[in-house]
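Enquirer: What follows is a structure written as structure tokens; I'll ask about it next.
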Number of protein chains: 2
Amino acid sequence: MSTDQTRHAILTAAERLCADNSFGDVTLRDIVAAANVNLAAINYHFGSKDALLAEIYIACSIALNRERLAALKIAEDAGQGRARPDEVLRALIEPLLRGCLDPDRQRSASSRFMIRASMESIPTFRRIKNKEVDHLRRFAEAMKRALPEREMADIYWGLHFALAMAHQTINDVERLTKLSDGACDLTDVEGITERIVATSVMTLTGDAQTERATAKAAARRKS
Amino acid sequence: MSTDQTRHAILTAAERLCADNSFGDVTLRDIVAAANVNLAAINYHFGSKDALLAEIYIACSIALNRERLAALKIAEDAGQGRARPDEVLRALIEPLLRGCLDPDRQRSASSRFMIRASMESIPTFRRIKNKEVDHLRRFAEAMKRALPEREMADIYWGLHFALAMAHQTINDVERLTKLSDGACDLTDVEGITERIVATSVMTLTGDAQTERATAKAAARRKS
DNA sequence: GTCTATAGAATGATAGAC
DNA sequence: GTCTATCATTCTATAGAC
């Protein structure tokens, strides 16, 4: 088995195992068993368990960001540098939703690894996660170009809520399926995406409406 | 030190430690050090680490559910058994938001423990988590009474999204603060609650509107 | 009930032969 | 580069003195 084969086998096995279990629960012995390589190979090729996880995280992160930015670029090019709000949102949330929920899951392990990584707080990842903020900022800027009259804080909240809905839908697949007794179809990626996009667009564009609702709710609350 | 004192010290210390660290990272030695009790005391009083965590989880869960249902009851009583949609949502999401984000955090550890527990997937917790579905169902029923014309699937999605936004806002406090450079005030519990409630109410009540937006977005997408 | 002491198992990492 | 063998550590859990 060549060097690259061993490296690749380890990366693939670790990615898949960590997509389904918490990082702490996945041991080096689990990984080498799944990859069919020797225990010492991990430390030889990657140095440590954390370094291995970091390499996977970076690879998945780059792939996800590339996919998102490609979709954003298409939307911006189509609008002469000014994408529609719904297209900005779709570019942000659809890749992960498709990767995690699409039945013919091609990028499944990679996407679920990212979801898992967003929950675990490994010190090694903190530095990498700061890059994620820069990535999000590009979507905030695109949304600001789409909605120039909107304040940045509202745009940040809108993007954050869209991500939150996508993210938690992936995490709570089981609960939502059980709660709705199957009425909510968690395999309908297109439908879910449009539901989240529609909600987010309403919040982002319905300025007067939202503010009125917010104010009214606050007023009611005090009474 | 009396029995109850030791038990209570362990529960408090474990709750606080697990609110800030993943369950796997919190060791029995960490807990006894924080509680100032002996290592063997945990197994004597609780039987095992998992049993201790389960007891904390159940206690926190009961407290949270009680708080939510009390708010729901007030809203339903005020409306002769039919609460307003925004009040149903507020009863659902405000307790956790306040517990986790309010500066004068009284129930902070308990609330953050619940957030943490919702991410960790300990086998022992699966049985308990099924109870959570029953709890959510009561809010779905209350929302159905508030919006009888709405289909149950839409109601489930609406409650799920509201919870998702609240939940992820708590989890992503750091990222959102950094992204917005302080423009999003993560200590303003009332403002955050109203933002989430307004968004969820729009999605839940703007039936024709939402459907039009969803259809339009889908149509645009295909073109 | 509380303590000390330790059993028993699992982990990440490495040294050294091939 | 790959393997075996093993180190050093850490953990939960428990037995038994007090």
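Please note that chains go A, B, ... in the order of the structure tokens, that every chain numbers its residues from 1, and that ligands are numbered from 1 in the order shown.
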Please check the contacts: residues of chain D at most 8 Å away from chain A, using only C-alpha atoms (C1' of nucleotides), listed as a PyMOL selection string.
Expert: chain D and resi 1-3
Enquirer: Wanna dump the chain C-chain A contacts at 12 Å for me, each residue with its shortest atom pair and the distance in Å to one decimal, counting only C-alpha atoms (C1' of nucleotides), ordered by chain and number, as JSON lines?
Expert:
```
{"residue": "C:DA10", "atom": "C1'", "partner": "A:Thr27", "partner_atom": "CA", "distance": 9.8}
{"residue": "C:DT11", "atom": "C1'", "partner": "A:Thr27", "partner_atom": "CA", "distance": 7.7}
{"residue": "C:DG12", "atom": "C1'", "partner": "A:Lys49", "partner_atom": "CA", "distance": 7.7}
{"residue": "C:DA13", "atom": "C1'", "partner": "A:Asn43", "partner_atom": "CA", "distance": 7.5}
{"residue": "C:DT14", "atom": "C1'", "partner": "A:Ala40", "partner_atom": "CA", "distance": 8.6}
{"residue": "C:DA15", "atom": "C1'", "partner": "A:Ala40", "partner_atom": "CA", "distance": 11.3}
```
Enquirer: Next, the residues of the selection above should be written as a CSV table (one decimal), in the first residue's frame with N, CA, C and O atoms (P, O5', C5', C4', C3', O3' and C1' of nucleotides).
Expert:
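And here's selection_14.csv as it stands now:
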```
chain,number,residue,atom,x,y,z
C,10,DA,P,-11.5,-2.2,27.8
C,10,DA,O5',-11.1,-0.8,27.2
C,10,DA,C5',-11.8,0.4,27.6
C,10,DA,C4',-10.9,1.6,27.4
C,10,DA,C3',-10.2,1.6,26.1
C,10,DA,O3',-10.8,2.6,25.2
C,10,DA,C1',-8.8,2.3,27.9
C,11,DT,P,-10.2,2.9,23.8
C,11,DT,O5',-9.2,4.1,24.0
C,11,DT,C5',-9.6,5.3,24.6
C,11,DT,C4',-8.5,6.2,24.9
C,11,DT,C3',-7.5,6.4,23.7
C,11,DT,O3',-7.9,7.5,23.0
C,11,DT,C1',-6.3,5.9,25.8
C,12,DG,P,-7.3,7.8,21.6
C,12,DG,O5',-5.9,8.5,21.9
C,12,DG,C5',-5.8,9.7,22.6
C,12,DG,C4',-4.4,10.2,22.8
C,12,DG,C3',-3.6,10.4,21.5
C,12,DG,O3',-2.8,11.5,21.7
C,12,DG,C1',-2.6,8.7,22.9
C,13,DA,P,-1.8,11.9,20.4
C,13,DA,O5',-0.5,11.1,20.8
C,13,DA,C5',0.2,11.5,22.0
C,13,DA,C4',1.4,10.5,22.2
C,13,DA,C3',2.4,10.6,21.1
C,13,DA,O3',3.7,11.0,21.6
C,13,DA,C1',1.9,8.3,21.8
C,14,DT,P,4.9,11.3,20.5
C,14,DT,O5',5.8,10.0,20.7
C,14,DT,C5',6.1,9.6,22.0
C,14,DT,C4',6.8,8.3,22.0
C,14,DT,C3',7.9,8.2,20.9
C,14,DT,O3',9.1,7.6,21.5
C,14,DT,C1',6.5,6.3,20.8
C,15,DA,P,10.5,8.1,20.9
C,15,DA,O5',11.5,6.9,21.4
C,15,DA,C5',11.0,6.1,22.5
C,15,DA,C4',11.4,4.6,22.3
C,15,DA,C3',12.6,4.5,21.4
C,15,DA,O3',13.4,3.4,21.9
C,15,DA,C1',10.8,3.3,20.4
```
Enquirer: Using only C-alpha atoms and a distance of at most 8 Å, pull out the residues of chain A that contact chain B, as a count of residues only.
Expert: 40
Enquirer: Do you know which residues are at most 12 Å from Asn65 of chain A counting only C-alpha atoms (C1' of nucleotides), after dropping those on the same chain fewer than 2 positions away, and could you put them as an mmCIF file with all heavy atoms, in the first residue's frame?
Expert:
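selection36.cif, written as the output of this step:
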```cif
data_model
loop_
_atom_site.group_PDB
_atom_site.id
_atom_site.type_symbol
_atom_site.label_atom_id
_atom_site.label_comp_id
_atom_site.auth_asym_id
_atom_site.auth_seq_id
_atom_site.Cartn_x
_atom_site.Cartn_y
_atom_site.Cartn_z
ATOM 1 N N TYR A 57 -10.808 18.874 9.183
ATOM 2 C CA TYR A 57 -11.672 20.045 9.325
ATOM 3 C C TYR A 57 -11.352 21.099 8.273
ATOM 4 O O TYR A 57 -12.247 21.676 7.654
ATOM 5 C CB TYR A 57 -11.518 20.630 10.736
ATOM 6 C CG TYR A 57 -12.413 21.806 11.003
ATOM 7 C CD1 TYR A 57 -13.785 21.637 11.114
ATOM 8 C CD2 TYR A 57 -11.900 23.089 11.143
ATOM 9 C CE1 TYR A 57 -14.621 22.709 11.361
ATOM 10 C CE2 TYR A 57 -12.722 24.164 11.396
ATOM 11 C CZ TYR A 57 -14.078 23.972 11.507
ATOM 12 O OH TYR A 57 -14.895 25.037 11.750
ATOM 13 N N ILE A 58 -10.061 21.329 8.061
ATOM 14 C CA ILE A 58 -9.672 22.335 7.073
ATOM 15 C C ILE A 58 -10.114 21.923 5.675
ATOM 16 O O ILE A 58 -10.662 22.732 4.919
ATOM 17 C CB ILE A 58 -8.141 22.557 7.120
ATOM 18 C CG1 ILE A 58 -7.766 23.258 8.425
ATOM 19 C CG2 ILE A 58 -7.671 23.385 5.928
ATOM 20 C CD1 ILE A 58 -6.269 23.370 8.664
ATOM 21 N N ALA A 59 -9.916 20.649 5.348
ATOM 22 C CA ALA A 59 -10.299 20.174 4.014
ATOM 23 C C ALA A 59 -11.805 20.325 3.801
ATOM 24 O O ALA A 59 -12.260 20.826 2.760
ATOM 25 C CB ALA A 59 -9.866 18.720 3.837
ATOM 26 N N CYS A 60 -12.594 19.932 4.789
ATOM 27 C CA CYS A 60 -14.053 20.027 4.666
ATOM 28 C C CYS A 60 -14.486 21.480 4.602
ATOM 29 O O CYS A 60 -15.403 21.846 3.847
ATOM 30 C CB CYS A 60 -14.738 19.340 5.848
ATOM 31 S SG CYS A 60 -14.548 17.552 5.878
ATOM 32 N N SER A 61 -13.831 22.300 5.393
ATOM 33 C CA SER A 61 -14.190 23.710 5.439
ATOM 34 C C SER A 61 -13.930 24.378 4.091
ATOM 35 O O SER A 61 -14.750 25.137 3.585
ATOM 36 C CB SER A 61 -13.376 24.396 6.535
ATOM 37 O OG SER A 61 -13.671 25.772 6.606
ATOM 38 N N ILE A 62 -12.775 24.062 3.496
ATOM 39 C CA ILE A 62 -12.446 24.644 2.191
ATOM 40 C C ILE A 62 -13.453 24.211 1.143
ATOM 41 O O ILE A 62 -13.944 25.024 0.355
ATOM 42 C CB ILE A 62 -11.013 24.241 1.786
ATOM 43 C CG1 ILE A 62 -9.990 24.992 2.653
ATOM 44 C CG2 ILE A 62 -10.761 24.533 0.312
ATOM 45 C CD1 ILE A 62 -8.550 24.569 2.420
ATOM 46 N N ALA A 63 -13.794 22.927 1.137
ATOM 47 C CA ALA A 63 -14.747 22.411 0.160
ATOM 48 C C ALA A 63 -16.103 23.093 0.309
ATOM 49 O O ALA A 63 -16.729 23.503 -0.688
ATOM 50 C CB ALA A 63 -14.887 20.899 0.319
ATOM 51 N N GLU A 67 -17.945 25.752 -2.341
ATOM 52 C CA GLU A 67 -19.263 25.481 -2.906
ATOM 53 C C GLU A 67 -20.207 26.667 -2.679
ATOM 54 O O GLU A 67 -20.932 27.099 -3.582
ATOM 55 C CB GLU A 67 -19.830 24.213 -2.242
ATOM 56 C CG GLU A 67 -20.891 23.507 -3.050
ATOM 57 C CD GLU A 67 -21.317 22.193 -2.396
ATOM 58 O OE1 GLU A 67 -20.556 21.688 -1.531
ATOM 59 O OE2 GLU A 67 -22.388 21.691 -2.729
ATOM 60 N N ARG A 68 -20.159 27.203 -1.456
ATOM 61 C CA ARG A 68 -21.020 28.347 -1.148
ATOM 62 C C ARG A 68 -20.669 29.560 -1.999
ATOM 63 O O ARG A 68 -21.543 30.231 -2.553
ATOM 64 C CB ARG A 68 -20.858 28.722 0.330
ATOM 65 C CG ARG A 68 -21.594 27.821 1.292
ATOM 66 C CD ARG A 68 -21.196 28.191 2.708
ATOM 67 N NE ARG A 68 -22.078 27.600 3.706
ATOM 68 C CZ ARG A 68 -21.837 27.622 5.011
ATOM 69 N NH1 ARG A 68 -20.723 28.198 5.462
ATOM 70 N NH2 ARG A 68 -22.670 27.086 5.858
ATOM 71 N N LEU A 69 -19.387 29.851 -2.109
ATOM 72 C CA LEU A 69 -18.970 31.050 -2.834
ATOM 73 C C LEU A 69 -19.232 30.919 -4.329
ATOM 74 O O LEU A 69 -19.522 31.912 -5.005
ATOM 75 C CB LEU A 69 -17.479 31.330 -2.578
ATOM 76 C CG LEU A 69 -17.172 31.845 -1.172
ATOM 77 C CD1 LEU A 69 -15.670 31.965 -0.948
ATOM 78 C CD2 LEU A 69 -17.847 33.203 -0.930
ATOM 79 N N ALA A 70 -19.145 29.691 -4.845
ATOM 80 C CA ALA A 70 -19.464 29.478 -6.261
ATOM 81 C C ALA A 70 -20.928 29.824 -6.517
ATOM 82 O O ALA A 70 -21.257 30.508 -7.498
ATOM 83 C CB ALA A 70 -19.167 28.032 -6.645
ATOM 84 N N ALA A 71 -21.800 29.375 -5.618
ATOM 85 C CA ALA A 71 -23.227 29.676 -5.782
ATOM 86 C C ALA A 71 -23.483 31.174 -5.634
ATOM 87 O O ALA A 71 -24.287 31.755 -6.372
ATOM 88 C CB ALA A 71 -24.043 28.893 -4.753
ATOM 89 N N LEU A 72 -22.776 31.792 -4.705
ATOM 90 C CA LEU A 72 -22.947 33.237 -4.523
ATOM 91 C C LEU A 72 -22.492 34.002 -5.759
ATOM 92 O O LEU A 72 -23.145 34.950 -6.200
ATOM 93 C CB LEU A 72 -22.149 33.698 -3.300
ATOM 94 C CG LEU A 72 -22.211 35.195 -2.982
ATOM 95 C CD1 LEU A 72 -23.637 35.629 -2.661
ATOM 96 C CD2 LEU A 72 -21.282 35.547 -1.824
ATOM 97 N N LYS A 73 -21.376 33.564 -6.334
ATOM 98 C CA LYS A 73 -20.836 34.248 -7.517
ATOM 99 C C LYS A 73 -21.814 34.157 -8.700
ATOM 100 O O LYS A 73 -22.051 35.142 -9.393
ATOM 101 C CB LYS A 73 -19.491 33.622 -7.917
ATOM 102 C CG LYS A 73 -18.835 34.315 -9.123
ATOM 103 C CD LYS A 73 -17.401 33.879 -9.296
ATOM 104 C CE LYS A 73 -16.841 34.239 -10.679
ATOM 105 N NZ LYS A 73 -17.355 35.501 -11.220
ATOM 106 N N ALA A 91 -27.408 30.248 -1.362
ATOM 107 C CA ALA A 91 -25.982 29.907 -1.520
ATOM 108 C C ALA A 91 -25.353 29.558 -0.178
ATOM 109 O O ALA A 91 -24.481 28.697 -0.086
ATOM 110 C CB ALA A 91 -25.236 31.078 -2.163
ATOM 111 N N LEU A 92 -25.855 30.201 0.871
ATOM 112 C CA LEU A 92 -25.283 29.976 2.200
ATOM 113 C C LEU A 92 -25.731 28.651 2.807
ATOM 114 O O LEU A 92 -24.914 27.918 3.375
ATOM 115 C CB LEU A 92 -25.682 31.137 3.123
ATOM 116 C CG LEU A 92 -25.095 31.126 4.536
ATOM 117 C CD1 LEU A 92 -23.591 31.257 4.505
ATOM 118 C CD2 LEU A 92 -25.718 32.250 5.371
ATOM 119 N N ILE A 93 -27.002 28.360 2.699
ATOM 120 C CA ILE A 93 -27.513 27.210 3.467
ATOM 121 C C ILE A 93 -27.706 25.928 2.671
ATOM 122 O O ILE A 93 -27.695 24.844 3.250
ATOM 123 C CB ILE A 93 -28.865 27.553 4.149
ATOM 124 C CG1 ILE A 93 -29.963 27.758 3.112
ATOM 125 C CG2 ILE A 93 -28.718 28.745 5.060
ATOM 126 C CD1 ILE A 93 -31.347 27.818 3.729
ATOM 127 N N GLU A 94 -27.847 26.026 1.359
ATOM 128 C CA GLU A 94 -28.192 24.810 0.619
ATOM 129 C C GLU A 94 -27.077 23.755 0.603
ATOM 130 O O GLU A 94 -27.378 22.562 0.729
ATOM 131 C CB GLU A 94 -28.627 25.137 -0.816
ATOM 132 C CG GLU A 94 -29.221 23.925 -1.511
ATOM 133 C CD GLU A 94 -30.034 24.290 -2.739
ATOM 134 O OE1 GLU A 94 -29.619 25.221 -3.453
ATOM 135 O OE2 GLU A 94 -31.069 23.652 -2.978
ATOM 136 N N PRO A 95 -25.813 24.134 0.434
ATOM 137 C CA PRO A 95 -24.777 23.099 0.381
ATOM 138 C C PRO A 95 -24.782 22.164 1.583
ATOM 139 O O PRO A 95 -24.752 20.940 1.422
ATOM 140 C CB PRO A 95 -23.476 23.912 0.312
ATOM 141 C CG PRO A 95 -23.867 25.172 -0.382
ATOM 142 C CD PRO A 95 -25.251 25.481 0.141
ATOM 143 N N LEU A 96 -24.847 22.703 2.783
ATOM 144 C CA LEU A 96 -24.853 21.844 3.973
ATOM 145 C C LEU A 96 -26.132 21.017 4.065
ATOM 146 O O LEU A 96 -26.097 19.832 4.392
ATOM 147 C CB LEU A 96 -24.706 22.679 5.243
ATOM 148 C CG LEU A 96 -23.339 22.683 5.919
ATOM 149 C CD1 LEU A 96 -23.418 23.332 7.276
ATOM 150 C CD2 LEU A 96 -22.773 21.286 6.046
ATOM 151 N N SER A 111 -20.056 16.728 5.149
ATOM 152 C CA SER A 111 -21.010 17.708 5.674
ATOM 153 C C SER A 111 -21.339 17.434 7.131
ATOM 154 O O SER A 111 -21.385 18.361 7.953
ATOM 155 C CB SER A 111 -22.302 17.683 4.844
ATOM 156 O OG SER A 111 -22.022 18.025 3.504
ATOM 157 N N MET A 114 -18.669 18.559 9.400
ATOM 158 C CA MET A 114 -18.690 20.004 9.661
ATOM 159 C C MET A 114 -19.720 20.362 10.725
ATOM 160 O O MET A 114 -19.479 21.208 11.585
ATOM 161 C CB MET A 114 -19.002 20.756 8.362
ATOM 162 C CG MET A 114 -17.867 20.765 7.363
ATOM 163 S SD MET A 114 -16.376 21.524 8.028
ATOM 164 C CE MET A 114 -16.863 23.239 8.073
ATOM 165 N N LYS A 131 -11.650 31.926 10.775
ATOM 166 C CA LYS A 131 -11.744 32.083 9.310
ATOM 167 C C LYS A 131 -13.197 32.044 8.848
ATOM 168 O O LYS A 131 -13.572 32.664 7.856
ATOM 169 C CB LYS A 131 -10.960 30.954 8.614
ATOM 170 C CG LYS A 131 -9.448 31.089 8.756
ATOM 171 C CD LYS A 131 -8.757 31.043 7.411
ATOM 172 C CE LYS A 131 -7.434 31.767 7.476
ATOM 173 N NZ LYS A 131 -6.873 32.032 6.159
ATOM 174 N N GLU A 132 -13.977 31.267 9.587
ATOM 175 C CA GLU A 132 -15.379 31.117 9.228
ATOM 176 C C GLU A 132 -16.106 32.464 9.309
ATOM 177 O O GLU A 132 -17.024 32.739 8.532
ATOM 178 C CB GLU A 132 -16.032 30.110 10.185
ATOM 179 C CG GLU A 132 -17.167 29.335 9.584
ATOM 180 C CD GLU A 132 -17.858 28.510 10.658
ATOM 181 O OE1 GLU A 132 -17.220 28.230 11.703
ATOM 182 O OE2 GLU A 132 -19.025 28.173 10.477
ATOM 183 N N VAL A 133 -15.687 33.274 10.262
ATOM 184 C CA VAL A 133 -16.309 34.588 10.400
ATOM 185 C C VAL A 133 -16.022 35.441 9.167
ATOM 186 O O VAL A 133 -16.915 36.120 8.653
ATOM 187 C CB VAL A 133 -15.788 35.291 11.677
ATOM 188 C CG1 VAL A 133 -16.293 36.712 11.746
ATOM 189 C CG2 VAL A 133 -16.232 34.511 12.904
ATOM 190 N N ASP A 134 -14.784 35.371 8.679
ATOM 191 C CA ASP A 134 -14.458 36.116 7.466
ATOM 192 C C ASP A 134 -15.316 35.652 6.295
ATOM 193 O O ASP A 134 -15.783 36.458 5.484
ATOM 194 C CB ASP A 134 -12.970 35.918 7.112
ATOM 195 C CG ASP A 134 -12.055 36.460 8.196
ATOM 196 O OD1 ASP A 134 -12.497 37.373 8.916
ATOM 197 O OD2 ASP A 134 -10.910 35.990 8.304
ATOM 198 N N HIS A 135 -15.506 34.345 6.234
ATOM 199 C CA HIS A 135 -16.337 33.778 5.163
ATOM 200 C C HIS A 135 -17.765 34.291 5.252
ATOM 201 O O HIS A 135 -18.358 34.706 4.258
ATOM 202 C CB HIS A 135 -16.302 32.249 5.277
ATOM 203 C CG HIS A 135 -17.093 31.552 4.229
ATOM 204 N ND1 HIS A 135 -18.228 30.842 4.507
ATOM 205 C CD2 HIS A 135 -16.920 31.459 2.900
ATOM 206 C CE1 HIS A 135 -18.712 30.331 3.382
ATOM 207 N NE2 HIS A 135 -17.935 30.686 2.400
ATOM 208 N N LEU A 136 -18.311 34.293 6.448
ATOM 209 C CA LEU A 136 -19.678 34.782 6.654
ATOM 210 C C LEU A 136 -19.779 36.260 6.284
ATOM 211 O O LEU A 136 -20.799 36.726 5.776
ATOM 212 C CB LEU A 136 -20.084 34.583 8.110
ATOM 213 C CG LEU A 136 -20.933 33.358 8.411
ATOM 214 C CD1 LEU A 136 -21.286 33.319 9.883
ATOM 215 C CD2 LEU A 136 -22.198 33.396 7.560
ATOM 216 N N ARG A 138 -18.431 37.812 3.941
ATOM 217 C CA ARG A 138 -18.631 37.999 2.500
ATOM 218 C C ARG A 138 -20.097 37.877 2.135
ATOM 219 O O ARG A 138 -20.582 38.543 1.222
ATOM 220 C CB ARG A 138 -17.795 36.977 1.725
ATOM 221 C CG ARG A 138 -16.323 37.099 2.086
ATOM 222 C CD ARG A 138 -15.428 36.306 1.183
ATOM 223 N NE ARG A 138 -15.690 36.523 -0.229
ATOM 224 C CZ ARG A 138 -14.923 36.052 -1.192
ATOM 225 N NH1 ARG A 138 -13.828 35.371 -0.879
ATOM 226 N NH2 ARG A 138 -15.229 36.245 -2.457
ATOM 227 N N PHE A 139 -20.803 36.998 2.818
ATOM 228 C CA PHE A 139 -22.238 36.876 2.571
ATOM 229 C C PHE A 139 -22.984 38.078 3.132
ATOM 230 O O PHE A 139 -23.986 38.521 2.565
ATOM 231 C CB PHE A 139 -22.771 35.568 3.158
ATOM 232 C CG PHE A 139 -22.460 34.381 2.307
ATOM 233 C CD1 PHE A 139 -21.223 33.750 2.381
ATOM 234 C CD2 PHE A 139 -23.385 33.922 1.382
ATOM 235 C CE1 PHE A 139 -20.917 32.680 1.566
ATOM 236 C CE2 PHE A 139 -23.090 32.837 0.566
ATOM 237 C CZ PHE A 139 -21.856 32.216 0.657
#
```
Enquirer: Would you give me, as a PyMOL selection string, the residues in chain A that DSSP reads as helix (DSSP H, G or I)?
Expert: chain A and resi 3-20+28-35+39-46+49-78+85-101+108-119+123-146+152-171+173-180+189-205+207-222
Enquirer: Skip DA17 of chain D itself and residues of its chain fewer than 6 positions away, then list as a PDB file with N, CA and C atoms (P, O5', C5', C4', C3', O3' and C1' of nucleotides), in the first residue's frame all residues within 12 Å of it, counting only C-alpha atoms (C1' of nucleotides).
Expert:
```pdb
ATOM      1  P    DT C   2     -21.099  11.907  53.504  1.00  0.00           P
ATOM      2  O5'  DT C   2     -19.553  11.569  53.676  1.00  0.00           O
ATOM      3  C5'  DT C   2     -18.897  11.919  54.895  1.00  0.00           C
ATOM      4  C4'  DT C   2     -17.521  11.283  54.942  1.00  0.00           C
ATOM      5  C3'  DT C   2     -16.645  11.581  53.716  1.00  0.00           C
ATOM      6  O3'  DT C   2     -15.546  12.374  54.115  1.00  0.00           O
ATOM      7  C1'  DT C   2     -16.500   9.297  54.391  1.00  0.00           C
ATOM      8  P    DC C   3     -14.562  12.880  53.011  1.00  0.00           P
ATOM      9  O5'  DC C   3     -13.469  11.720  52.952  1.00  0.00           O
ATOM     10  C5'  DC C   3     -12.365  11.792  53.838  1.00  0.00           C
ATOM     11  C4'  DC C   3     -11.695  10.440  53.957  1.00  0.00           C
ATOM     12  C3'  DC C   3     -10.728  10.104  52.834  1.00  0.00           C
ATOM     13  O3'  DC C   3      -9.448  10.662  53.100  1.00  0.00           O
ATOM     14  C1'  DC C   3     -12.046   8.202  53.524  1.00  0.00           C
ATOM     15  P    DT C   4      -8.402  10.726  51.950  1.00  0.00           P
ATOM     16  O5'  DT C   4      -7.784   9.254  51.983  1.00  0.00           O
ATOM     17  C5'  DT C   4      -7.314   8.718  53.208  1.00  0.00           C
ATOM     18  C4'  DT C   4      -6.756   7.321  52.973  1.00  0.00           C
ATOM     19  C3'  DT C   4      -5.713   7.235  51.864  1.00  0.00           C
ATOM     20  O3'  DT C   4      -4.677   6.342  52.272  1.00  0.00           O
ATOM     21  C1'  DT C   4      -7.536   5.820  51.344  1.00  0.00           C
ATOM     22  P    DA C   5      -3.373   6.204  51.374  1.00  0.00           P
ATOM     23  O5'  DA C   5      -3.662   4.875  50.544  1.00  0.00           O
ATOM     24  C5'  DA C   5      -4.243   3.745  51.204  1.00  0.00           C
ATOM     25  C4'  DA C   5      -4.607   2.713  50.167  1.00  0.00           C
ATOM     26  C3'  DA C   5      -3.639   2.646  48.991  1.00  0.00           C
ATOM     27  O3'  DA C   5      -3.204   1.312  48.815  1.00  0.00           O
ATOM     28  C1'  DA C   5      -5.868   2.858  48.213  1.00  0.00           C
TER      29       DA C   5
END
```
